[in-house]
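Shown next: start.csv, given as CSV, C-alpha atoms.
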chain,number,residue,atom,x,y,z
A,1,MET,CA,96.0,235.1,263.3
A,2,ARG,CA,95.6,238.4,261.3
A,3,ILE,CA,91.9,239.0,260.3
A,4,LEU,CA,90.6,241.6,258.0
A,5,LEU,CA,87.0,242.7,258.5
A,6,THR,CA,84.8,244.4,255.9
A,7,ASN,CA,81.2,244.8,254.9
A,8,ASP,CA,78.8,246.5,252.4
A,9,ASP,CA,76.6,248.2,255.0
A,10,GLY,CA,79.3,250.8,255.9
A,11,ILE,CA,81.9,251.6,258.5
A,12,HIS,CA,79.3,252.6,261.1
A,13,ALA,CA,77.0,249.6,260.6
A,14,GLU,CA,75.9,247.7,263.7
A,15,GLY,CA,76.7,244.4,262.0
A,16,LEU,CA,80.4,245.4,261.7
A,17,LYS,CA,80.6,245.8,265.4
A,18,VAL,CA,79.0,242.4,265.8
A,19,LEU,CA,81.5,241.0,263.4
A,20,GLU,CA,84.4,242.4,265.4
A,21,ASP,CA,83.0,240.7,268.6
A,22,ILE,CA,82.9,237.4,266.7
A,23,ALA,CA,86.4,237.9,265.3
A,24,ARG,CA,87.9,238.7,268.7
A,25,THR,CA,86.9,235.3,270.0
A,26,VAL,CA,89.7,233.8,267.8
A,27,SER,CA,92.2,236.6,267.4
A,28,ASP,CA,93.4,240.0,268.7
A,29,ASP,CA,95.0,241.1,265.4
A,30,ILE,CA,91.9,242.7,263.8
A,31,TRP,CA,92.0,245.1,260.9
A,32,ILE,CA,88.8,246.9,259.8
A,33,ILE,CA,88.6,248.3,256.2
A,34,ALA,CA,85.0,249.1,255.2
A,35,PRO,CA,83.1,251.5,253.0
A,36,GLU,CA,82.5,255.1,254.2
A,37,VAL,CA,78.8,254.8,253.2
A,38,GLU,CA,76.5,251.9,252.5
A,39,GLN,CA,77.3,249.9,249.4
A,40,SER,CA,74.6,247.2,249.5
A,41,GLY,CA,73.8,245.6,246.1
A,42,LYS,CA,77.1,246.6,244.6
A,43,SER,CA,78.1,243.0,243.9
A,44,ARG,CA,81.8,242.8,242.7
A,45,ALA,CA,81.9,246.4,241.4
A,46,MET,CA,85.4,248.1,241.4
A,47,THR,CA,85.9,251.8,241.2
A,48,LEU,CA,87.8,252.3,238.0
A,49,THR,CA,86.9,255.8,236.8
A,50,ASP,CA,87.1,257.9,240.0
A,51,PRO,CA,89.8,258.3,242.7
A,52,ILE,CA,89.3,256.3,245.9
A,53,ARG,CA,89.6,258.3,249.1
A,54,VAL,CA,90.8,256.6,252.3
A,55,ARG,CA,90.1,258.0,255.8
A,56,LYS,CA,92.1,256.5,258.7
A,57,LEU,CA,90.0,256.2,261.8
A,58,GLY,CA,92.4,254.3,264.0
A,59,ASP,CA,95.6,252.3,264.0
A,60,LYS,CA,94.0,249.4,262.1
A,61,THR,CA,90.7,251.0,261.0
A,62,PHE,CA,90.0,252.7,257.6
A,63,ALA,CA,86.9,254.0,255.9
A,64,ILE,CA,87.0,253.8,252.1
A,65,ARG,CA,85.0,255.9,249.7
A,66,GLY,CA,84.4,252.9,247.5
A,67,THR,CA,82.9,249.5,247.1
A,68,PRO,CA,83.4,246.4,249.3
A,69,THR,CA,85.8,245.0,246.6
A,70,ASP,CA,87.7,248.3,246.7
A,71,CYS,CA,88.1,247.9,250.4
A,72,VAL,CA,89.6,244.4,250.2
A,73,LEU,CA,91.8,245.3,247.3
A,74,LEU,CA,93.3,248.4,249.1
A,75,GLY,CA,93.7,246.4,252.2
A,76,LEU,CA,95.6,243.6,250.5
A,77,LEU,CA,97.6,245.8,248.1
A,78,GLU,CA,98.4,248.9,250.2
A,79,LEU,CA,97.0,249.4,253.7
A,80,MET,CA,98.0,246.3,255.4
A,81,GLY,CA,101.6,246.4,254.2
A,82,ASP,CA,103.6,243.3,253.4
A,83,GLN,CA,101.7,241.0,255.8
A,84,LYS,CA,98.5,239.7,254.3
A,85,PRO,CA,95.6,238.7,256.5
A,86,ASP,CA,95.2,235.0,257.2
A,87,LEU,CA,91.4,235.4,257.0
A,88,ILE,CA,88.8,237.8,255.7
A,89,LEU,CA,85.4,238.1,257.3
A,90,SER,CA,82.7,240.1,255.5
A,91,GLY,CA,79.5,241.2,257.3
A,92,VAL,CA,77.6,240.8,259.4
A,93,ASN,CA,75.2,241.9,256.7
A,94,ARG,CA,71.9,243.5,257.7
A,95,GLY,CA,69.7,240.9,255.9
A,96,GLN,CA,70.1,237.5,254.4
A,97,ASN,CA,72.4,236.6,251.5
A,98,ILE,CA,70.9,233.4,250.2
A,99,ALA,CA,69.7,232.0,246.9
A,100,GLU,CA,70.1,234.5,244.0
A,101,ASP,CA,70.8,237.3,246.6
A,102,THR,CA,74.4,236.1,246.5
A,103,SER,CA,75.0,237.5,243.0
A,104,TYR,CA,73.9,241.0,244.1
A,105,SER,CA,75.6,241.0,247.4
A,106,GLY,CA,78.6,243.3,248.2
A,107,THR,CA,79.1,241.1,251.3
A,108,ILE,CA,79.7,238.0,249.2
A,109,ALA,CA,81.7,240.0,246.7
A,110,ALA,CA,84.2,241.1,249.3
A,111,ALA,CA,84.8,237.5,250.3
A,112,MET,CA,85.1,236.5,246.6
A,113,CYS,CA,87.8,239.2,246.2
A,114,GLY,CA,89.7,237.9,249.2
A,115,MET,CA,89.5,234.3,247.8
A,116,GLN,CA,90.7,235.5,244.4
A,117,HIS,CA,93.8,236.9,246.1
A,118,GLY,CA,94.6,233.8,248.0
A,119,VAL,CA,93.1,234.6,251.4
A,120,ARG,CA,90.5,232.3,253.0
A,121,SER,CA,87.3,234.3,253.2
A,122,ILE,CA,83.9,234.0,255.0
A,123,ALA,CA,80.7,236.0,254.5
A,124,LEU,CA,78.3,236.3,257.3
A,125,SER,CA,74.7,237.6,257.2
A,126,GLN,CA,71.9,238.1,259.7
A,127,SER,CA,68.5,237.2,258.2
A,128,ARG,CA,65.5,239.4,258.8
A,129,GLY,CA,61.8,239.7,258.0
A,130,PHE,CA,60.8,236.0,258.2
A,131,GLN,CA,59.8,235.6,261.9
A,132,ALA,CA,59.2,239.2,262.9
A,133,PRO,CA,59.1,241.8,260.1
A,134,GLY,CA,61.7,244.5,260.7
A,135,SER,CA,63.5,242.8,263.5
A,136,LEU,CA,67.3,242.1,263.5
A,137,PRO,CA,68.4,239.7,266.3
A,138,TRP,CA,72.0,240.6,266.3
A,139,GLU,CA,72.6,238.5,269.4
A,140,THR,CA,71.9,235.4,267.2
A,141,ALA,CA,74.7,236.4,264.8
A,142,ARG,CA,77.0,237.1,267.8
A,143,HIS,CA,76.3,233.9,269.6
A,144,TRP,CA,76.2,231.5,266.7
A,145,GLY,CA,78.9,233.3,264.7
A,146,SER,CA,81.5,232.7,267.3
A,147,LYS,CA,80.6,229.0,267.4
A,148,VAL,CA,80.7,228.6,263.6
A,149,LEU,CA,83.9,230.6,263.3
A,150,LYS,CA,85.8,228.7,265.9
A,151,ARG,CA,85.1,225.5,263.9
A,152,LEU,CA,85.8,226.9,260.5
A,153,VAL,CA,89.2,228.3,261.3
A,154,ASP,CA,90.4,224.8,262.1
A,155,MET,CA,89.1,223.4,258.8
A,156,THR,CA,90.4,223.5,255.3
A,157,TRP,CA,88.6,224.0,252.0
A,158,ALA,CA,89.4,224.4,248.4
A,159,ASP,CA,91.3,227.6,247.4
A,160,ASN,CA,88.5,228.7,245.0
A,161,VAL,CA,85.7,228.5,247.6
A,162,VAL,CA,84.3,231.1,250.0
A,163,VAL,CA,82.0,230.1,252.9
A,164,ASN,CA,78.6,231.8,253.1
A,165,VAL,CA,77.1,231.8,256.6
A,166,ASN,CA,73.5,233.0,257.2
A,167,PHE,CA,71.8,233.2,260.6
A,168,PRO,CA,68.1,232.8,261.0
A,169,ASP,CA,66.0,235.7,262.3
A,170,ARG,CA,65.1,234.3,265.7
A,171,ALA,CA,66.5,234.4,269.2
A,172,PRO,CA,69.8,232.5,269.8
A,173,ASP,CA,68.1,229.8,271.9
A,174,ALA,CA,65.3,229.4,269.2
A,175,VAL,CA,67.8,228.4,266.5
A,176,THR,CA,67.1,224.7,265.6
A,177,GLY,CA,70.6,223.8,264.5
A,178,VAL,CA,73.3,224.2,261.8
A,179,GLU,CA,73.0,222.8,258.3
A,180,ILE,CA,75.5,222.6,255.4
A,181,THR,CA,73.5,223.7,252.4
A,182,ARG,CA,73.7,224.4,248.7
A,183,GLN,CA,72.6,227.6,247.1
A,184,GLY,CA,68.9,227.7,246.5
A,185,PHE,CA,66.8,229.6,244.0
A,186,ARG,CA,63.4,231.2,244.6
A,187,ASP,CA,60.4,230.1,242.5
A,188,GLU,CA,59.4,233.7,241.8
A,189,ASN,CA,61.1,237.1,241.5
A,190,ILE,CA,60.9,239.1,244.8
A,191,VAL,CA,62.6,242.3,243.4
A,192,HIS,CA,60.3,245.1,242.5
A,193,ALA,CA,60.3,248.8,241.6
A,194,GLU,CA,57.9,251.3,243.1
A,195,GLN,CA,57.2,254.6,241.5
A,196,ARG,CA,56.8,257.6,243.8
A,197,LEU,CA,56.6,261.4,243.5
A,198,ASP,CA,59.0,263.8,245.1
A,199,LEU,CA,57.9,267.2,246.6
A,200,ARG,CA,58.2,268.9,243.3
A,201,GLY,CA,55.8,266.4,241.6
A,202,ASP,CA,58.6,264.6,239.7
A,203,SER,CA,58.6,260.8,239.6
A,204,TYR,CA,61.3,258.6,240.9
A,205,PHE,CA,61.7,254.9,241.6
A,206,TRP,CA,62.6,252.9,244.7
A,207,ILE,CA,63.9,249.3,244.1
A,208,GLY,CA,63.4,246.8,246.9
A,209,TYR,CA,62.4,243.3,247.8
A,210,ARG,CA,59.0,241.8,248.5
A,211,GLY,CA,58.9,239.6,251.5
A,212,LYS,CA,57.0,236.6,250.0
A,213,LEU,CA,58.4,233.2,250.9
A,214,SER,CA,59.1,230.6,248.2
A,215,ASP,CA,58.8,226.8,248.3
A,216,PRO,CA,62.5,225.8,248.4
A,217,ALA,CA,63.9,222.3,248.2
A,218,ASP,CA,65.4,220.5,251.2
A,219,GLY,CA,69.1,221.0,251.6
A,220,THR,CA,69.1,224.6,250.3
A,221,ASP,CA,70.1,227.8,252.1
A,222,LEU,CA,66.5,229.1,251.7
A,223,LYS,CA,65.0,226.1,253.4
A,224,ALA,CA,67.4,226.2,256.3
A,225,ILE,CA,66.8,229.9,257.0
A,226,TYR,CA,63.0,229.5,256.7
A,227,GLU,CA,63.1,226.6,259.3
A,228,GLY,CA,65.4,228.4,261.8
A,229,ARG,CA,68.7,226.8,261.1
A,230,VAL,CA,72.1,228.4,260.6
A,231,SER,CA,73.0,227.9,256.9
A,232,ILE,CA,76.7,227.3,255.8
A,233,THR,CA,77.1,227.2,252.1
A,234,PRO,CA,80.4,226.7,250.1
A,235,LEU,CA,80.3,229.0,247.1
A,236,HIS,CA,82.7,229.5,244.2
A,237,VAL,CA,82.9,232.0,241.3
A,238,ASP,CA,82.6,229.5,238.4
A,239,LEU,CA,79.2,230.1,236.9
A,240,THR,CA,79.5,227.5,234.2
A,241,HIS,CA,76.4,225.3,233.7
A,242,GLU,CA,77.9,221.9,233.1
A,243,SER,CA,75.0,220.0,231.6
A,244,THR,CA,74.3,222.8,229.1
A,245,LEU,CA,78.0,223.0,228.3
A,246,GLN,CA,78.0,219.3,227.3
A,247,SER,CA,74.8,219.6,225.2
A,248,PHE,CA,76.2,222.7,223.4
A,249,ARG,CA,79.4,220.8,222.6
A,250,ALA,CA,77.4,217.9,221.3
A,251,GLU,CA,74.7,219.7,219.3
A,252,LEU,CA,75.7,223.3,218.5
A,253,VAL,CA,79.3,223.5,217.4
A,254,GLY,CA,79.0,221.0,214.6
A,255,ASP,CA,75.9,222.7,213.2
A,256,ILE,CA,77.4,226.1,213.1
A,257,GLY,CA,80.5,224.8,211.3
A,258,LYS,CA,78.4,223.4,208.4
Just give me the structure as structure tokens.
Amino acid sequence: MRILLTNDDGIHAEGLKVLEDIARTVSDDIWIIAPEVEQSGKSRAMTLTDPIRVRKLGDKTFAIRGTPTDCVLLGLLELMGDQKPDLILSGVNRGQNIAEDTSYSGTIAAAMCGMQHGVRSIALSQSRGFQAPGSLPWETARHWGSKVLKRLVDMTWADNVVVNVNFPDRAPDAVTGVEITRQGFRDENIVHAEQRLDLRGDSYFWIGYRGKLSDPADGTDLKAIYEGRVSITPLHVDLTHESTLQSFRAELVGDIGK
């Protein structure tokens, strides 16, 4: 099995080393194509107005001066030759990708790009900040990631689906199980901007997240992570809201046409 690894935290991220350990439990044919520098929050951005530089670090390892989507595209279209990967793994992200985080995430976007080009893709993220602020229990991702991956590679799912895996921020033996979840949504916005002054007295802004917990419904990725379970969520790129689609068809189109 040929596996392509990528991420949005950059080629030197610790989570990418953890991902390689996970991938090598199922295959020895591992390719790594990741951003030269951190690209968190880039979502599905592609570099269309600048050249993309590629730095070869090894026989199957490349650093890309671009986004996670750029990495996957160059891997599939150029760097890996005629033989596409059988699987793309994106991560392991430094921090959770749950609820509305998924629409910002470069980790998820890389998996989406792989799916769009016909390659089964899985995104993996290690949660942080819930149990012990600032901690990142990489051994949890390494231990549970190999267990989850070994099961997923033997399964099939729809061609338009990517699998989003999140590990709780607790020790491996403190994880309370694995749950198949749906994407949740927080009951308040946790993104904020903080204004600061540089050494010349000029203002700038730093955008980040507040750590406040929400009150999620059962069965969501949020609830699973809060309660210490590994969350596995099937995602797809179709953002259509079906009930509103039907109501618009029934109520709006006819009125506009009058």
Q: Find, counting only C-alpha atoms, the residue in A:Ile11, A:Ala171, A:Leu252, A:Ala217 that gets nearest to Ile33 of chain A.
A: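 Of all the options, A:Ile11 lies closest to Ile33 of chain A.
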Q | Atom pair atom CA of Gly15 of chain A / atom CA of Ser125 of chain A: separation (Å) | A | 8.6 Å
(Q) Here is a test: counting all atoms listed in the file, which residue of A:Gln96, A:Ser247, A:Ser121, A:Ser146 is nearest to Asp159 of chain A? (A)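 Smallest separation from Asp159 of chain A among the options: A:Ser121.
Between atom CA of Asp238 of chain A and atom CA of Glu179 of chain A the interatomic distance comes to 23.1 Å.
Reported to one decimal place, the separation of atom CA of Thr69 of chain A from atom CA of Gln183 of chain A is 21.8 Å.
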(Q) So that I can see what lies close to Ile207 of chain A, please list as a VMD selection string the residues with an atom at most 8 Å from it, counting all atoms listed in the file and leaving out residues fewer than 3 positions away in the same chain. (A) chain A and resid 191 to 194
Q. Which residue, A:Ser203, A:Arg170, A:Ala13, A:Ser214, has the smallest gap to Gly129 of chain A when you use all atoms listed in the file?
A.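 Closest candidate: A:Arg170.
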Q | Counting only C-alpha atoms, the option among A:Thr181, A:Thr102, A:Asn160, A:Thr6 closest to Pro35 of chain A | A |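 Of A:Thr181, A:Thr102, A:Asn160, A:Thr6, the one nearest Pro35 of chain A, counting only C-alpha atoms, is A:Thr6.
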Q.
List as a PyMOL selection string the protein and nucleic acid residues near segment 18-30 of chain A, meaning an atom at most 9 Å away when all atoms listed in the file are counted, but skip any in the same chain fewer than 5 places from it.
A. chain A and resi 1-6+60-61+89-92+124+138-139+141-147+149-150+153
Q: Taking (89.4, 253.7, 240.6) in the file's own coordinates, collect the residues within 12 Å, counting only C-alpha atoms, and hand them back as a list in words.
A: Ala45, Met46, Thr47, Leu48, Thr49, Asp50, Pro51, Ile52, Arg53, Ile64, Arg65, Gly66, Thr67, Thr69, Asp70, Cys71, Leu73 and Leu74 of chain A
Q | Which of A:Ala158, A:Ile108, A:Leu16, A:Ala34 sits closest to Arg94 of chain A [using all atoms listed in the file] | A | A:Leu16
Would you kindly return, as a CSV table (one decimal) with C-alpha atoms, in the coordinates of the input, each protein, DNA or RNA residue with an atom no farther than 9 Å from any atom of Asn97 of chain A, considering only C-alpha atoms and excluding same-chain residues fewer than 2 positions away?
chain,number,residue,atom,x,y,z
A,93,ASN,CA,75.2,241.9,256.7
A,95,GLY,CA,69.7,240.9,255.9
A,99,ALA,CA,69.7,232.0,246.9
A,100,GLU,CA,70.1,234.5,244.0
A,101,ASP,CA,70.8,237.3,246.6
A,102,THR,CA,74.4,236.1,246.5
A,103,SER,CA,75.0,237.5,243.0
A,104,TYR,CA,73.9,241.0,244.1
A,105,SER,CA,75.6,241.0,247.4
A,107,THR,CA,79.1,241.1,251.3
A,108,ILE,CA,79.7,238.0,249.2
A,123,ALA,CA,80.7,236.0,254.5
A,124,LEU,CA,78.3,236.3,257.3
A,125,SER,CA,74.7,237.6,257.2
A,126,GLN,CA,71.9,238.1,259.7
A,127,SER,CA,68.5,237.2,258.2
A,164,ASN,CA,78.6,231.8,253.1
A,165,VAL,CA,77.1,231.8,256.6
A,166,ASN,CA,73.5,233.0,257.2
